[in-house]
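*Asks:* Dropping in protein-v6.cif, with mmCIF, N, CA, C and O atoms.
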data_final
loop_
_atom_site.label_atom_id
_atom_site.label_comp_id
_atom_site.auth_asym_id
_atom_site.auth_seq_id
_atom_site.Cartn_x
_atom_site.Cartn_y
_atom_site.Cartn_z
N MET A 285 0.82 -1.20 0.00
CA MET A 285 0.00 0.00 0.00
C MET A 285 0.86 1.26 0.00
O MET A 285 0.54 2.23 -0.65
N ALA A 286 1.95 1.23 0.75
CA ALA A 286 2.82 2.41 0.81
C ALA A 286 3.48 2.67 -0.53
O ALA A 286 3.71 3.81 -0.90
N GLY A 287 3.79 1.60 -1.29
CA GLY A 287 4.40 1.75 -2.60
C GLY A 287 3.48 2.45 -3.58
O GLY A 287 3.91 3.27 -4.38
N ALA A 288 2.18 2.13 -3.53
CA ALA A 288 1.21 2.77 -4.41
C ALA A 288 1.09 4.26 -4.10
O ALA A 288 1.01 5.10 -5.00
N ARG A 289 1.11 4.58 -2.82
CA ARG A 289 1.05 6.00 -2.40
C ARG A 289 2.30 6.74 -2.89
O ARG A 289 2.22 7.86 -3.34
N ARG A 290 3.44 6.09 -2.79
CA ARG A 290 4.69 6.70 -3.20
C ARG A 290 4.69 7.01 -4.70
O ARG A 290 5.12 8.07 -5.12
N ILE A 291 4.17 6.09 -5.50
CA ILE A 291 4.12 6.30 -6.94
C ILE A 291 3.14 7.42 -7.27
O ILE A 291 3.41 8.23 -8.16
N GLN A 292 2.03 7.52 -6.59
CA GLN A 292 1.09 8.61 -6.82
C GLN A 292 1.72 9.95 -6.51
O GLN A 292 1.51 10.92 -7.22
N ASP A 293 2.51 10.00 -5.46
CA ASP A 293 3.20 11.25 -5.11
C ASP A 293 4.19 11.65 -6.21
O ASP A 293 4.30 12.81 -6.56
N ILE A 294 4.92 10.67 -6.74
CA ILE A 294 5.86 10.95 -7.83
C ILE A 294 5.11 11.45 -9.06
O ILE A 294 5.55 12.37 -9.75
N GLU A 295 3.97 10.84 -9.35
CA GLU A 295 3.18 11.28 -10.51
C GLU A 295 2.69 12.72 -10.32
O GLU A 295 2.66 13.50 -11.27
N ARG A 296 2.32 13.08 -9.12
CA ARG A 296 1.91 14.47 -8.85
C ARG A 296 3.08 15.43 -9.05
O ARG A 296 2.92 16.51 -9.63
N LEU A 297 4.25 15.03 -8.57
CA LEU A 297 5.44 15.86 -8.78
C LEU A 297 5.77 15.99 -10.26
O LEU A 297 6.20 17.05 -10.72
N ARG A 298 5.58 14.93 -11.02
CA ARG A 298 5.81 14.99 -12.47
C ARG A 298 4.86 15.98 -13.13
O ARG A 298 5.25 16.72 -14.03
N ALA A 299 3.61 16.00 -12.69
CA ALA A 299 2.64 16.95 -13.24
C ALA A 299 3.04 18.39 -12.91
O ALA A 299 2.98 19.28 -13.76
N ILE A 300 3.48 18.60 -11.68
CA ILE A 300 3.94 19.94 -11.28
C ILE A 300 5.16 20.34 -12.10
O ILE A 300 5.27 21.49 -12.56
N ALA A 301 6.08 19.41 -12.31
CA ALA A 301 7.28 19.69 -13.10
C ALA A 301 6.91 20.03 -14.54
O ALA A 301 7.47 20.96 -15.13
N ALA A 302 5.96 19.29 -15.12
CA ALA A 302 5.54 19.56 -16.49
C ALA A 302 4.92 20.96 -16.60
O ALA A 302 5.20 21.70 -17.56
N LEU A 303 4.11 21.33 -15.64
CA LEU A 303 3.52 22.67 -15.64
C LEU A 303 4.60 23.75 -15.47
O LEU A 303 4.54 24.79 -16.13
N ALA A 304 5.57 23.48 -14.62
CA ALA A 304 6.65 24.44 -14.42
C ALA A 304 7.48 24.62 -15.69
O ALA A 304 7.89 25.73 -16.02
N VAL A 305 7.72 23.53 -16.41
CA VAL A 305 8.45 23.63 -17.68
C VAL A 305 7.63 24.43 -18.69
O VAL A 305 8.16 25.29 -19.40
N LEU A 306 6.34 24.16 -18.75
CA LEU A 306 5.47 24.91 -19.66
C LEU A 306 5.48 26.40 -19.33
O LEU A 306 5.63 27.25 -20.22
N ILE A 307 5.36 26.72 -18.07
CA ILE A 307 5.38 28.12 -17.63
C ILE A 307 6.72 28.76 -17.98
O ILE A 307 6.78 29.91 -18.41
N GLY A 308 7.80 28.01 -17.82
CA GLY A 308 9.12 28.53 -18.13
C GLY A 308 9.35 28.80 -19.61
O GLY A 308 10.16 29.63 -19.97
N HIS A 309 8.59 28.11 -20.48
CA HIS A 309 8.77 28.29 -21.92
C HIS A 309 7.80 29.29 -22.55
O HIS A 309 7.95 29.62 -23.72
N VAL A 310 6.83 29.74 -21.80
CA VAL A 310 5.85 30.70 -22.32
C VAL A 310 6.03 32.01 -21.53
O VAL A 310 5.54 32.13 -20.40
N PRO A 311 6.76 32.98 -22.12
CA PRO A 311 7.11 34.20 -21.36
C PRO A 311 5.92 34.96 -20.79
O PRO A 311 5.95 35.37 -19.63
N TRP A 312 4.85 35.13 -21.56
CA TRP A 312 3.72 35.91 -21.04
C TRP A 312 3.02 35.18 -19.91
O TRP A 312 2.50 35.79 -18.99
N LEU A 313 3.03 33.86 -19.94
CA LEU A 313 2.43 33.08 -18.86
C LEU A 313 3.29 33.17 -17.61
O LEU A 313 2.78 33.31 -16.49
N GLN A 314 4.60 33.15 -17.79
CA GLN A 314 5.53 33.25 -16.67
C GLN A 314 5.37 34.60 -15.97
O GLN A 314 5.31 34.67 -14.75
N VAL A 315 5.27 35.67 -16.74
CA VAL A 315 5.13 37.00 -16.15
C VAL A 315 3.78 37.13 -15.43
O VAL A 315 3.71 37.64 -14.32
N GLY A 316 2.72 36.62 -16.05
CA GLY A 316 1.39 36.71 -15.44
C GLY A 316 1.30 35.97 -14.12
O GLY A 316 0.78 36.48 -13.13
N ILE A 317 1.83 34.76 -14.08
CA ILE A 317 1.79 33.97 -12.84
C ILE A 317 2.69 34.59 -11.80
O ILE A 317 2.35 34.63 -10.61
N SER A 318 3.85 35.07 -12.22
CA SER A 318 4.77 35.70 -11.28
C SER A 318 4.15 36.93 -10.62
O SER A 318 4.30 37.15 -9.42
N GLN A 319 3.43 37.71 -11.40
CA GLN A 319 2.77 38.89 -10.85
C GLN A 319 1.63 38.51 -9.91
O GLN A 319 1.41 39.15 -8.89
N ARG A 320 0.88 37.48 -10.26
CA ARG A 320 -0.24 37.05 -9.42
C ARG A 320 0.22 36.48 -8.09
O ARG A 320 -0.38 36.72 -7.05
N LEU A 321 1.29 35.68 -8.13
CA LEU A 321 1.78 35.04 -6.91
C LEU A 321 2.72 35.93 -6.12
O LEU A 321 3.06 35.61 -4.98
N HIS A 322 3.14 37.04 -6.73
CA HIS A 322 4.10 37.96 -6.11
C HIS A 322 5.39 37.24 -5.75
O HIS A 322 5.99 37.47 -4.70
N VAL A 323 5.78 36.29 -6.61
CA VAL A 323 7.01 35.52 -6.42
C VAL A 323 7.74 35.47 -7.75
O VAL A 323 7.14 35.14 -8.77
N PRO A 324 9.03 35.80 -7.78
CA PRO A 324 9.77 35.66 -9.03
C PRO A 324 9.93 34.18 -9.38
O PRO A 324 10.29 33.36 -8.53
N LEU A 325 9.63 33.82 -10.62
CA LEU A 325 9.73 32.44 -11.06
C LEU A 325 10.99 32.25 -11.90
O LEU A 325 11.25 33.01 -12.81
N ASP A 326 11.76 31.23 -11.55
CA ASP A 326 12.95 30.89 -12.30
C ASP A 326 12.55 29.95 -13.44
O ASP A 326 11.89 28.94 -13.20
N PRO A 327 12.93 30.24 -14.67
CA PRO A 327 12.53 29.36 -15.78
C PRO A 327 13.15 27.97 -15.72
O PRO A 327 12.69 27.06 -16.39
N TRP A 328 14.18 27.77 -14.91
CA TRP A 328 14.85 26.47 -14.81
C TRP A 328 14.25 25.58 -13.72
O TRP A 328 14.65 24.42 -13.59
N THR A 329 13.31 26.07 -12.96
CA THR A 329 12.76 25.31 -11.84
C THR A 329 12.15 23.98 -12.30
O THR A 329 12.38 22.94 -11.69
N GLY A 330 11.38 24.01 -13.36
CA GLY A 330 10.74 22.79 -13.84
C GLY A 330 11.74 21.75 -14.29
O GLY A 330 11.61 20.55 -13.98
N LEU A 331 12.78 22.20 -14.99
CA LEU A 331 13.81 21.27 -15.46
C LEU A 331 14.57 20.66 -14.29
O LEU A 331 14.85 19.46 -14.28
N GLU A 332 14.89 21.46 -13.30
CA GLU A 332 15.58 20.95 -12.12
C GLU A 332 14.72 19.93 -11.38
O GLU A 332 15.22 18.91 -10.88
N LEU A 333 13.42 20.17 -11.33
CA LEU A 333 12.52 19.23 -10.68
C LEU A 333 12.44 17.92 -11.47
O LEU A 333 12.44 16.84 -10.88
N VAL A 334 12.42 18.00 -12.79
CA VAL A 334 12.41 16.80 -13.63
C VAL A 334 13.66 15.97 -13.38
O VAL A 334 13.60 14.75 -13.23
N PHE A 335 14.83 16.63 -13.33
CA PHE A 335 16.08 15.91 -13.06
C PHE A 335 16.07 15.28 -11.67
O PHE A 335 16.56 14.17 -11.48
N GLY A 336 15.55 15.98 -10.70
CA GLY A 336 15.46 15.43 -9.35
C GLY A 336 14.57 14.21 -9.28
O GLY A 336 14.92 13.20 -8.65
N ILE A 337 13.43 14.27 -9.94
CA ILE A 337 12.50 13.12 -9.98
C ILE A 337 13.15 11.96 -10.70
O ILE A 337 13.07 10.81 -10.25
N SER A 338 13.82 12.23 -11.81
CA SER A 338 14.49 11.16 -12.57
C SER A 338 15.56 10.49 -11.72
O SER A 338 15.68 9.25 -11.72
N GLY A 339 16.34 11.28 -11.00
CA GLY A 339 17.36 10.71 -10.14
C GLY A 339 16.76 9.83 -9.05
O GLY A 339 17.28 8.76 -8.73
N PHE A 340 15.65 10.27 -8.49
CA PHE A 340 14.97 9.48 -7.46
C PHE A 340 14.46 8.16 -8.02
O PHE A 340 14.65 7.10 -7.42
N VAL A 341 13.83 8.21 -9.19
CA VAL A 341 13.27 6.99 -9.80
C VAL A 341 14.39 6.01 -10.15
O VAL A 341 14.28 4.80 -9.88
N VAL A 342 15.48 6.51 -10.73
CA VAL A 342 16.59 5.63 -11.10
C VAL A 342 17.24 5.03 -9.86
O VAL A 342 17.51 3.82 -9.81
N SER A 343 17.48 5.85 -8.85
CA SER A 343 18.13 5.32 -7.64
C SER A 343 17.22 4.33 -6.92
O SER A 343 17.70 3.35 -6.34
N SER A 344 15.93 4.54 -6.97
CA SER A 344 15.00 3.58 -6.36
C SER A 344 15.03 2.26 -7.10
O SER A 344 14.98 1.19 -6.47
N ALA A 345 15.12 2.30 -8.42
CA ALA A 345 15.18 1.07 -9.21
C ALA A 345 16.49 0.32 -8.95
O ALA A 345 16.49 -0.91 -8.83
N VAL A 346 17.58 1.05 -8.84
CA VAL A 346 18.88 0.42 -8.55
C VAL A 346 18.87 -0.19 -7.16
O VAL A 346 19.39 -1.30 -6.95
N GLU A 347 18.29 0.51 -6.21
CA GLU A 347 18.23 0.02 -4.83
C GLU A 347 17.44 -1.28 -4.73
O GLU A 347 17.81 -2.19 -3.99
N ARG A 348 16.35 -1.39 -5.49
CA ARG A 348 15.53 -2.62 -5.46
C ARG A 348 16.28 -3.80 -6.04
O ARG A 348 16.12 -4.92 -5.61
N ASP A 349 17.08 -3.54 -7.08
CA ASP A 349 17.82 -4.63 -7.73
C ASP A 349 19.03 -4.94 -6.91
O ASP A 349 19.46 -5.89 -6.55
#
Before anything else, please render the file you have as structure tokens.
*Replies:*
Amino acid sequence: MAGARRIQDIERLRAIAALAVLIGHVPWLQVGISQRLHVPLDPWTGLELVFGISGFVVSSAVERD
């Protein structure tokens, strides 16, 4: 049961990462969201999150084997 929950959490993070990459590639969307949230958005955030998730998935697979 815990494994299924863990995979769902990773899938949610992947969705957030995909949205962050999309926001980073669309300048007018990035500016609009940044102004609404009153937080400066780094265009590399989504890519860094994707790399982090990939590292976690790969290391988990290696650990199981």
*Asks:* Could you check how far atom O of Gly336 of chain A sits from atom CA of Arg320 of chain A, in Å to one decimal?
*Replies:* 28.3 Å
*Asks:* Going by the chain IDs and residue numbers used in this file, which residues fall under the PyMOL selection byres ((chain A and resi 294-309) around 6)? Write them as a PyMOL selection string.
*Replies:* chain A and resi 289-293+310-311+313-314+326-327+329-331+333-334
*Asks:* Let me have the centre and edge lengths of the axis-aligned box enclosing all listed atoms of segment 304-323 of chain A with 5 Å padding on every side, in Å to one decimal, as JSON.
*Replies:*
{"center_x": 4.9, "center_y": 31.3, "center_z": -14.2, "size_x": 20.5, "size_y": 25.7, "size_z": 29.0}
*Asks:* Between atom N of Glu347 of chain A and atom C of Phe335 of chain A, what is the distance in Å, rounded to a tenth?
*Replies:*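 Here the two named atoms are 15.9 Å from each other.
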